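Student: What follows is my_file-v5.pdb; its format and atoms are PDB, C-alpha atoms.
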```
MODEL        1
ATOM      1  CA  MET A   1     -26.746 -33.260  46.036
ATOM      2  CA  SER A   2     -26.810 -29.915  47.756
ATOM      3  CA  SER A   3     -28.036 -26.668  46.257
ATOM      4  CA  GLN A   4     -24.549 -25.252  46.809
ATOM      5  CA  PHE A   5     -23.135 -27.915  44.456
ATOM      6  CA  TYR A   6     -25.671 -27.000  41.761
ATOM      7  CA  SER A   7     -24.933 -23.327  42.240
ATOM      8  CA  ILE A   8     -21.196 -23.905  41.800
ATOM      9  CA  LEU A   9     -21.828 -26.165  38.805
ATOM     10  CA  PHE A  10     -24.098 -23.552  37.245
ATOM     11  CA  HIS A  11     -21.450 -20.834  37.703
ATOM     12  CA  HIS A  12     -18.765 -23.062  36.203
ATOM     13  CA  ILE A  13     -20.963 -23.778  33.199
ATOM     14  CA  LEU A  14     -21.627 -20.040  32.759
ATOM     15  CA  LEU A  15     -17.914 -19.312  33.063
ATOM     16  CA  TYR A  16     -17.090 -22.036  30.535
ATOM     17  CA  HIS A  17     -19.614 -20.625  28.036
ATOM     18  CA  PHE A  18     -18.329 -17.109  28.588
ATOM     19  CA  LEU A  19     -14.725 -18.192  27.969
ATOM     20  CA  PHE A  20     -15.782 -20.212  24.933
ATOM     21  CA  LEU A  21     -17.633 -17.230  23.411
ATOM     22  CA  PHE A  22     -14.768 -14.904  24.309
ATOM     23  CA  ASN A  23     -12.288 -17.217  22.536
ATOM     24  CA  ILE A  24     -14.471 -17.307  19.423
ATOM     25  CA  TYR A  25     -14.719 -13.511  19.448
ATOM     26  CA  TYR A  26     -10.956 -13.186  20.023
ATOM     27  CA  ILE A  27     -10.098 -15.568  17.176
ATOM     28  CA  GLU A  28     -12.575 -13.915  14.791
ATOM     29  CA  SER A  29     -11.329 -10.425  15.583
ATOM     30  CA  HIS A  30      -7.705 -11.453  15.032
ATOM     31  CA  LEU A  31      -8.571 -13.273  11.815
ATOM     32  CA  ASN A  32     -10.480 -10.240  10.540
ATOM     33  CA  SER A  33      -7.580  -8.010  11.528
ATOM     34  CA  PHE A  34      -5.124 -10.334   9.779
ATOM     35  CA  LEU A  35      -7.234 -10.376   6.601
ATOM     36  CA  SER A  36      -7.684  -6.616   6.727
ATOM     37  CA  ASP A  37      -3.930  -6.099   7.198
ATOM     38  CA  GLY A  38      -3.230  -8.491   4.334
ATOM     39  CA  ARG A  39      -5.570  -6.644   1.999
ATOM     40  CA  ARG A  40      -4.022  -3.333   3.050
ATOM     41  CA  ALA A  41      -0.524  -4.686   2.358
ATOM     42  CA  PHE A  42      -1.599  -5.986  -1.054
ATOM     43  CA  ALA A  43      -3.217  -2.611  -1.825
ATOM     44  CA  SER A  44       0.064  -0.888  -0.879
ATOM     45  CA  PHE A  45       1.919  -3.216  -3.207
ATOM     46  CA  LEU A  46      -0.513  -2.447  -6.036
ATOM     47  CA  GLN A  47      -0.059   1.251  -5.362
ATOM     48  CA  SER A  48       3.704   0.836  -5.691
ATOM     49  CA  GLU A  49       3.065  -0.750  -9.097
ATOM     50  CA  TYR A  50       0.581   1.962 -10.120
ATOM     51  CA  SER A  51      -2.268  -0.534 -10.374
ATOM     52  CA  GLN A  52      -4.234   0.137  -7.180
ATOM     53  CA  GLU A  53      -7.352   0.777  -9.276
ATOM     54  CA  ASN A  54      -7.782  -3.006  -9.519
ATOM     55  CA  ILE A  55      -8.265  -3.587  -5.790
ATOM     56  CA  GLU A  56     -10.250  -0.346  -5.485
ATOM     57  CA  PHE A  57     -12.612  -1.549  -8.222
ATOM     58  CA  TRP A  58     -12.937  -4.999  -6.649
ATOM     59  CA  VAL A  59     -13.758  -3.460  -3.241
ATOM     60  CA  ALA A  60     -16.214  -1.012  -4.858
ATOM     61  CA  CYS A  61     -17.984  -3.988  -6.478
ATOM     62  CA  GLU A  62     -18.165  -5.832  -3.157
ATOM     63  CA  ASP A  63     -19.609  -2.720  -1.542
ATOM     64  CA  PHE A  64     -22.039  -2.288  -4.450
ATOM     65  CA  LYS A  65     -23.479  -5.751  -3.820
ATOM     66  CA  GLN A  66     -24.547  -4.550  -0.361
ATOM     67  CA  THR A  67     -26.162  -1.355  -1.662
ATOM     68  CA  SER A  68     -29.860  -0.807  -1.149
ATOM     69  CA  VAL A  69     -31.954  -1.044  -4.335
ATOM     70  CA  ASP A  70     -32.937   2.626  -4.239
ATOM     71  CA  LYS A  71     -29.255   3.704  -4.398
ATOM     72  CA  MET A  72     -27.980   1.108  -6.868
ATOM     73  CA  ASN A  73     -28.456   3.095 -10.082
ATOM     74  CA  LEU A  74     -26.481   6.081  -8.833
ATOM     75  CA  LYS A  75     -23.718   3.938  -7.328
ATOM     76  CA  ALA A  76     -23.471   1.764 -10.454
ATOM     77  CA  LYS A  77     -23.094   4.843 -12.633
ATOM     78  CA  MET A  78     -20.366   6.198 -10.337
ATOM     79  CA  ILE A  79     -18.461   2.888 -10.440
ATOM     80  CA  PHE A  80     -18.790   2.668 -14.217
ATOM     81  CA  GLU A  81     -17.602   6.249 -14.751
ATOM     82  CA  ARG A  82     -14.673   5.866 -12.366
ATOM     83  CA  TYR A  83     -13.348   2.410 -13.301
ATOM     84  CA  ILE A  84     -14.885   1.001 -16.486
ATOM     85  CA  ASP A  85     -15.658   3.785 -18.943
ATOM     86  CA  ALA A  86     -12.890   4.338 -21.486
ATOM     87  CA  ASP A  87     -10.435   6.993 -20.280
ATOM     88  CA  SER A  88     -11.989   7.050 -16.810
ATOM     89  CA  PRO A  89      -9.805   8.406 -13.976
ATOM     90  CA  SER A  90      -9.070   4.935 -12.536
ATOM     91  CA  GLU A  91      -9.718   2.777 -15.579
ATOM     92  CA  VAL A  92      -9.227  -0.947 -15.029
ATOM     93  CA  ASN A  93      -7.879  -3.205 -17.740
ATOM     94  CA  LEU A  94     -10.933  -4.851 -19.324
ATOM     95  CA  ASP A  95     -11.503  -6.121 -22.831
ATOM     96  CA  SER A  96     -14.035  -4.211 -24.936
ATOM     97  CA  ALA A  97     -16.665  -6.979 -24.765
ATOM     98  CA  THR A  98     -16.651  -6.979 -20.943
ATOM     99  CA  ARG A  99     -16.696  -3.177 -20.907
ATOM    100  CA  GLU A 100     -19.711  -3.149 -23.232
ATOM    101  CA  GLN A 101     -21.477  -5.843 -21.200
ATOM    102  CA  ALA A 102     -21.027  -3.737 -18.058
ATOM    103  CA  ARG A 103     -22.476  -0.737 -19.917
ATOM    104  CA  LYS A 104     -25.542  -2.803 -20.915
ATOM    105  CA  ASN A 105     -25.899  -4.122 -17.367
ATOM    106  CA  LEU A 106     -26.421  -0.552 -16.163
ATOM    107  CA  GLU A 107     -29.861  -0.654 -17.824
ATOM    108  CA  ARG A 108     -31.056  -3.499 -15.592
ATOM    109  CA  CYS A 109     -28.992  -2.476 -12.623
ATOM    110  CA  ASP A 110     -28.901  -5.160  -9.903
ATOM    111  CA  ALA A 111     -26.335  -6.647  -7.513
ATOM    112  CA  SER A 112     -24.770  -8.703 -10.337
ATOM    113  CA  CYS A 113     -24.246  -5.659 -12.571
ATOM    114  CA  PHE A 114     -20.430  -5.806 -12.430
ATOM    115  CA  GLU A 115     -20.023  -9.521 -11.801
ATOM    116  CA  GLU A 116     -18.189 -10.354 -15.035
ATOM    117  CA  ALA A 117     -15.933  -7.286 -14.882
ATOM    118  CA  GLN A 118     -15.141  -7.920 -11.219
ATOM    119  CA  SER A 119     -14.338 -11.551 -11.965
ATOM    120  CA  LYS A 120     -11.942 -10.572 -14.763
ATOM    121  CA  ILE A 121     -10.150  -8.042 -12.568
ATOM    122  CA  PHE A 122      -9.930 -10.607  -9.749
ATOM    123  CA  THR A 123      -8.390 -13.116 -12.152
ATOM    124  CA  LEU A 124      -5.970 -10.480 -13.421
ATOM    125  CA  MET A 125      -4.865  -9.703  -9.872
ATOM    126  CA  GLU A 126      -4.708 -13.389  -8.922
ATOM    127  CA  LYS A 127      -2.621 -14.477 -11.892
ATOM    128  CA  ASP A 128      -0.448 -11.386 -12.223
ATOM    129  CA  SER A 129      -0.194  -8.862  -9.390
ATOM    130  CA  TYR A 130      -0.739 -11.285  -6.519
ATOM    131  CA  ARG A 131       1.981 -13.644  -7.744
ATOM    132  CA  ARG A 132       4.419 -10.727  -7.907
ATOM    133  CA  PHE A 133       3.242  -9.593  -4.454
ATOM    134  CA  LEU A 134       4.078 -13.030  -2.998
ATOM    135  CA  LYS A 135       7.633 -12.669  -4.354
ATOM    136  CA  SER A 136       8.013  -9.023  -3.358
ATOM    137  CA  LYS A 137      10.274  -7.652  -0.665
ATOM    138  CA  LEU A 138       7.198  -6.155   1.009
ATOM    139  CA  PHE A 139       5.574  -9.576   1.385
ATOM    140  CA  MET A 140       8.846 -11.166   2.508
ATOM    141  CA  ASP A 141       9.261  -8.442   5.140
ATOM    142  CA  LEU A 142       5.681  -8.890   6.295
ATOM    143  CA  SER A 143       6.040 -12.654   6.491
ATOM    144  CA  GLN A 144       8.836 -12.350   9.021
ATOM    145  CA  PRO A 145       8.177 -11.511  12.673
ATOM    146  CA  LEU A 146       8.937  -7.890  13.472
ATOM    147  CA  THR A 147      12.198  -7.740  15.378
ATOM    148  CA  HIS A 148      14.062  -4.842  16.920
ATOM    149  CA  ASN A 149      11.586  -2.328  15.451
ATOM    150  CA  LYS A 150      12.943  -3.136  12.011
ATOM    151  CA  PRO A 151      10.928  -1.079   9.516
ATOM    152  CA  CYS A 152       8.908  -2.809   6.848
ATOM    153  CA  SER A 153       9.710  -2.051   3.229
ATOM    154  CA  LEU A 154       6.928   0.534   3.070
ATOM    155  CA  GLU A 155       8.975   2.712   5.421
ATOM    156  CA  LYS A 156      12.221   2.041   3.570
ATOM    157  CA  LYS A 157      10.742   3.315   0.325
ATOM    158  CA  GLY A 158       9.723   6.506   2.071
ATOM    159  CA  LYS A 159       6.163   6.096   0.848
ATOM    160  CA  GLN A 160       4.808   6.919   4.271
ATOM    161  CA  HIS A 161       5.772   6.763   7.910
ATOM    162  CA  ILE A 162       4.378   3.757   9.726
ATOM    163  CA  SER A 163       5.517   4.113  13.298
ATOM    164  CA  ASP A 164       3.325   1.337  14.671
ATOM    165  CA  HIS A 165       3.581  -0.966  11.647
ATOM    166  CA  SER A 166      -0.211  -0.768  11.260
ATOM    167  CA  GLN A 167       0.116  -1.499   7.569
ATOM    168  CA  CYS A 168       2.523  -4.383   8.022
ATOM    169  CA  LEU A 169       1.158  -7.827   8.646
ATOM    170  CA  PRO A 170       1.556  -8.612  12.321
ATOM    171  CA  SER A 171       2.917 -11.931  13.434
ATOM    172  CA  TYR A 172       0.182 -14.060  15.025
ATOM    173  CA  ALA A 173       2.437 -16.884  16.108
TER     174      ALA A 173
ENDMDL
END
```
Using the file provided, produce a representation of the structure as structure tokens.
Tutor:
Amino acid sequence: MSSQFYSILFHHILLYHFLFLFNIYYIESHLNSFLSDGRRAFASFLQSEYSQENIEFWVACEDFKQTSVDKMNLKAKMIFERYIDADSPSEVNLDSATREQARKNLERCDASCFEEAQSKIFTLMEKDSYRRFLKSKLFMDLSQPLTHNKPCSLEKKGKQHISDHSQCLPSYA
């Protein structure tokens, strides 16, 4: 076989790998965008129900798990004072035993400090808020392809202006 054949073959293999990697990147970026848009839509729904502190707390806990050890104590205290402490500004709905356990966990502050509280709030959202979200007009609007620049229900409520539907789930059909 000629060297020209091997050169062409080599370029085709490189092109194939490039396209393969590009497709993986494209799919991952769209999936991440879809998940991000979905979380944003759910957060908007929770805000409309005056319970956005639940998703804020859950996200704060996820962020806390990635915190460097030297900053954990300060961040844990901030999370506790904002979401868990009785009469805190964004108090989440936890039973007293879980609240007390979280207070004790502050003494040995590590990445699992809020694990039980986060799990209870996740379950609360999963069994309560999320089920209502799936039946909501907002979710129904977001589940349908956008047609004729029809506004999503966030715009209809006048909560905010979303000219590019950035907070509505896009259709990835």
Student: So which one's closest to Arg39 (chain A), A:Glu53, A:Val59, A:Ser119, A:Lys77? Using all atoms listed in the file, please.
Tutor: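 Among the listed residues, A:Val59 lies closest to Arg39 (chain A).
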Student: Hey, can you check how far CA of Tyr50 (chain A) sits from CA of Lys137 (chain A)?
Tutor: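 Taking CA of Tyr50 (chain A) and CA of Lys137 (chain A), their separation equals 16.6 Å.
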Student: Could you give me, as a list in words, the residues within 9 Å of Val69 (chain A), counting all atoms listed in the file and dropping anything in the same chain fewer than 2 positions from it?
Tutor: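 The neighbour list is Thr67, Lys71, Met72, Asn73, Cys109, Asp110 and Ala111 of chain A.
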Student: So how many Å separate CA of Ile121 (chain A) and CA of Phe42 (chain A), to one decimal?
Tutor: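 Between CA of Ile121 (chain A) and CA of Phe42 (chain A) the gap is 14.5 Å.
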Student: I'd like the interatomic distance between CA of Cys61 (chain A) and CA of Met140 (chain A), to a tenth of an Å.
Tutor: 29.2 Å
Student: I need the output of the PyMOL selection byres ((chain A and resi 124) around 12) for this file as a CSV table (one decimal) with C-alpha atoms, keeping the file's coordinate frame; which residues are they?
Tutor:
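File result07.csv, as written:
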```
chain,number,residue,atom,x,y,z
A,51,SER,CA,-2.3,-0.5,-10.4
A,54,ASN,CA,-7.8,-3.0,-9.5
A,55,ILE,CA,-8.3,-3.6,-5.8
A,58,TRP,CA,-12.9,-5.0,-6.6
A,92,VAL,CA,-9.2,-0.9,-15.0
A,93,ASN,CA,-7.9,-3.2,-17.7
A,94,LEU,CA,-10.9,-4.9,-19.3
A,95,ASP,CA,-11.5,-6.1,-22.8
A,117,ALA,CA,-15.9,-7.3,-14.9
A,118,GLN,CA,-15.1,-7.9,-11.2
A,119,SER,CA,-14.3,-11.6,-12.0
A,120,LYS,CA,-11.9,-10.6,-14.8
A,121,ILE,CA,-10.2,-8.0,-12.6
A,122,PHE,CA,-9.9,-10.6,-9.7
A,123,THR,CA,-8.4,-13.1,-12.2
A,125,MET,CA,-4.9,-9.7,-9.9
A,126,GLU,CA,-4.7,-13.4,-8.9
A,127,LYS,CA,-2.6,-14.5,-11.9
A,128,ASP,CA,-0.4,-11.4,-12.2
A,129,SER,CA,-0.2,-8.9,-9.4
A,130,TYR,CA,-0.7,-11.3,-6.5
A,131,ARG,CA,2.0,-13.6,-7.7
A,132,ARG,CA,4.4,-10.7,-7.9
```
Student: Kindly indicate which residue among A:Ile84, A:Leu134, A:Ala41, A:Ala76 lies nearest to Glu107 (chain A), using all atoms listed in the file for the distances.
Tutor: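 Checking each candidate against Glu107 (chain A), we get A:Ala76 as the closest.
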Student: Got a sec to check which residues sit within 9 Å of (-22.3, -5.1, -14.9), counting all atoms listed in the file, and write them as a ChimeraX atom specification?
Tutor: /A:76,80,98-106,108-118
Student: Just checking: using all atoms listed in the file, which residue out of A:Asp87, A:Ser143, A:Lys75, A:Phe133 ends up closest to Ala43 (chain A)?
Tutor: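 Residue with the minimum atom-to-atom distance to Ala43 (chain A): A:Phe133.
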Student: Could you add N, CA and C atoms to region 37-58 of chain A and give me the result as a PDB file, keeping the file's coordinate frame?
Tutor:
```pdb
ATOM      1  N   ASP A  37      -5.326  -6.502   7.360  1.00  0.00           N
ATOM      2  CA  ASP A  37      -3.930  -6.099   7.198  1.00  0.00           C
ATOM      3  C   ASP A  37      -3.351  -6.655   5.904  1.00  0.00           C
ATOM      4  N   GLY A  38      -3.715  -7.886   5.573  1.00  0.00           N
ATOM      5  CA  GLY A  38      -3.230  -8.491   4.334  1.00  0.00           C
ATOM      6  C   GLY A  38      -3.740  -7.754   3.113  1.00  0.00           C
ATOM      7  N   ARG A  39      -5.010  -7.394   3.132  1.00  0.00           N
ATOM      8  CA  ARG A  39      -5.570  -6.644   1.999  1.00  0.00           C
ATOM      9  C   ARG A  39      -4.915  -5.274   1.896  1.00  0.00           C
ATOM     10  N   ARG A  40      -4.666  -4.642   3.050  1.00  0.00           N
ATOM     11  CA  ARG A  40      -4.022  -3.333   3.050  1.00  0.00           C
ATOM     12  C   ARG A  40      -2.601  -3.436   2.497  1.00  0.00           C
ATOM     13  N   ALA A  41      -1.891  -4.495   2.864  1.00  0.00           N
ATOM     14  CA  ALA A  41      -0.524  -4.686   2.358  1.00  0.00           C
ATOM     15  C   ALA A  41      -0.547  -4.921   0.855  1.00  0.00           C
ATOM     16  N   PHE A  42      -1.496  -5.736   0.383  1.00  0.00           N
ATOM     17  CA  PHE A  42      -1.599  -5.986  -1.054  1.00  0.00           C
ATOM     18  C   PHE A  42      -1.955  -4.690  -1.789  1.00  0.00           C
ATOM     19  N   ALA A  43      -2.849  -3.893  -1.212  1.00  0.00           N
ATOM     20  CA  ALA A  43      -3.217  -2.611  -1.825  1.00  0.00           C
ATOM     21  C   ALA A  43      -2.000  -1.684  -1.899  1.00  0.00           C
ATOM     22  N   SER A  44      -1.167  -1.696  -0.861  1.00  0.00           N
ATOM     23  CA  SER A  44       0.064  -0.888  -0.879  1.00  0.00           C
ATOM     24  C   SER A  44       1.004  -1.353  -1.975  1.00  0.00           C
ATOM     25  N   PHE A  45       1.081  -2.675  -2.139  1.00  0.00           N
ATOM     26  CA  PHE A  45       1.919  -3.216  -3.207  1.00  0.00           C
ATOM     27  C   PHE A  45       1.386  -2.770  -4.569  1.00  0.00           C
ATOM     28  N   LEU A  46       0.075  -2.871  -4.765  1.00  0.00           N
ATOM     29  CA  LEU A  46      -0.513  -2.447  -6.036  1.00  0.00           C
ATOM     30  C   LEU A  46      -0.257  -0.963  -6.273  1.00  0.00           C
ATOM     31  N   GLN A  47      -0.332  -0.175  -5.222  1.00  0.00           N
ATOM     32  CA  GLN A  47      -0.059   1.251  -5.362  1.00  0.00           C
ATOM     33  C   GLN A  47       1.379   1.470  -5.823  1.00  0.00           C
ATOM     34  N   SER A  48       2.302   0.696  -5.287  1.00  0.00           N
ATOM     35  CA  SER A  48       3.704   0.836  -5.691  1.00  0.00           C
ATOM     36  C   SER A  48       3.911   0.458  -7.151  1.00  0.00           C
ATOM     37  N   GLU A  49       2.997  -0.351  -7.692  1.00  0.00           N
ATOM     38  CA  GLU A  49       3.065  -0.750  -9.097  1.00  0.00           C
ATOM     39  C   GLU A  49       2.126   0.078  -9.986  1.00  0.00           C
ATOM     40  N   TYR A  50       1.524   1.088  -9.404  1.00  0.00           N
ATOM     41  CA  TYR A  50       0.581   1.962 -10.120  1.00  0.00           C
ATOM     42  C   TYR A  50      -0.599   1.182 -10.694  1.00  0.00           C
ATOM     43  N   SER A  51      -1.092   0.219  -9.931  1.00  0.00           N
ATOM     44  CA  SER A  51      -2.268  -0.534 -10.374  1.00  0.00           C
ATOM     45  C   SER A  51      -3.276  -0.725  -9.239  1.00  0.00           C
ATOM     46  N   GLN A  52      -3.321   0.242  -8.314  1.00  0.00           N
ATOM     47  CA  GLN A  52      -4.234   0.137  -7.180  1.00  0.00           C
ATOM     48  C   GLN A  52      -5.695   0.228  -7.593  1.00  0.00           C
ATOM     49  N   GLU A  53      -5.960   0.698  -8.821  1.00  0.00           N
ATOM     50  CA  GLU A  53      -7.352   0.777  -9.276  1.00  0.00           C
ATOM     51  C   GLU A  53      -8.004  -0.605  -9.315  1.00  0.00           C
ATOM     52  N   ASN A  54      -7.217  -1.655  -9.472  1.00  0.00           N
ATOM     53  CA  ASN A  54      -7.782  -3.006  -9.519  1.00  0.00           C
ATOM     54  C   ASN A  54      -8.420  -3.396  -8.189  1.00  0.00           C
ATOM     55  N   ILE A  55      -7.703  -3.222  -7.094  1.00  0.00           N
ATOM     56  CA  ILE A  55      -8.265  -3.587  -5.790  1.00  0.00           C
ATOM     57  C   ILE A  55      -9.363  -2.599  -5.396  1.00  0.00           C
ATOM     58  N   GLU A  56      -9.204  -1.339  -5.772  1.00  0.00           N
ATOM     59  CA  GLU A  56     -10.250  -0.346  -5.485  1.00  0.00           C
ATOM     60  C   GLU A  56     -11.546  -0.725  -6.199  1.00  0.00           C
ATOM     61  N   PHE A  57     -11.434  -1.134  -7.463  1.00  0.00           N
ATOM     62  CA  PHE A  57     -12.612  -1.549  -8.222  1.00  0.00           C
ATOM     63  C   PHE A  57     -13.240  -2.791  -7.601  1.00  0.00           C
ATOM     64  N   TRP A  58     -12.418  -3.767  -7.241  1.00  0.00           N
ATOM     65  CA  TRP A  58     -12.937  -4.999  -6.649  1.00  0.00           C
ATOM     66  C   TRP A  58     -13.689  -4.690  -5.355  1.00  0.00           C
TER      67      TRP A  58
END
```
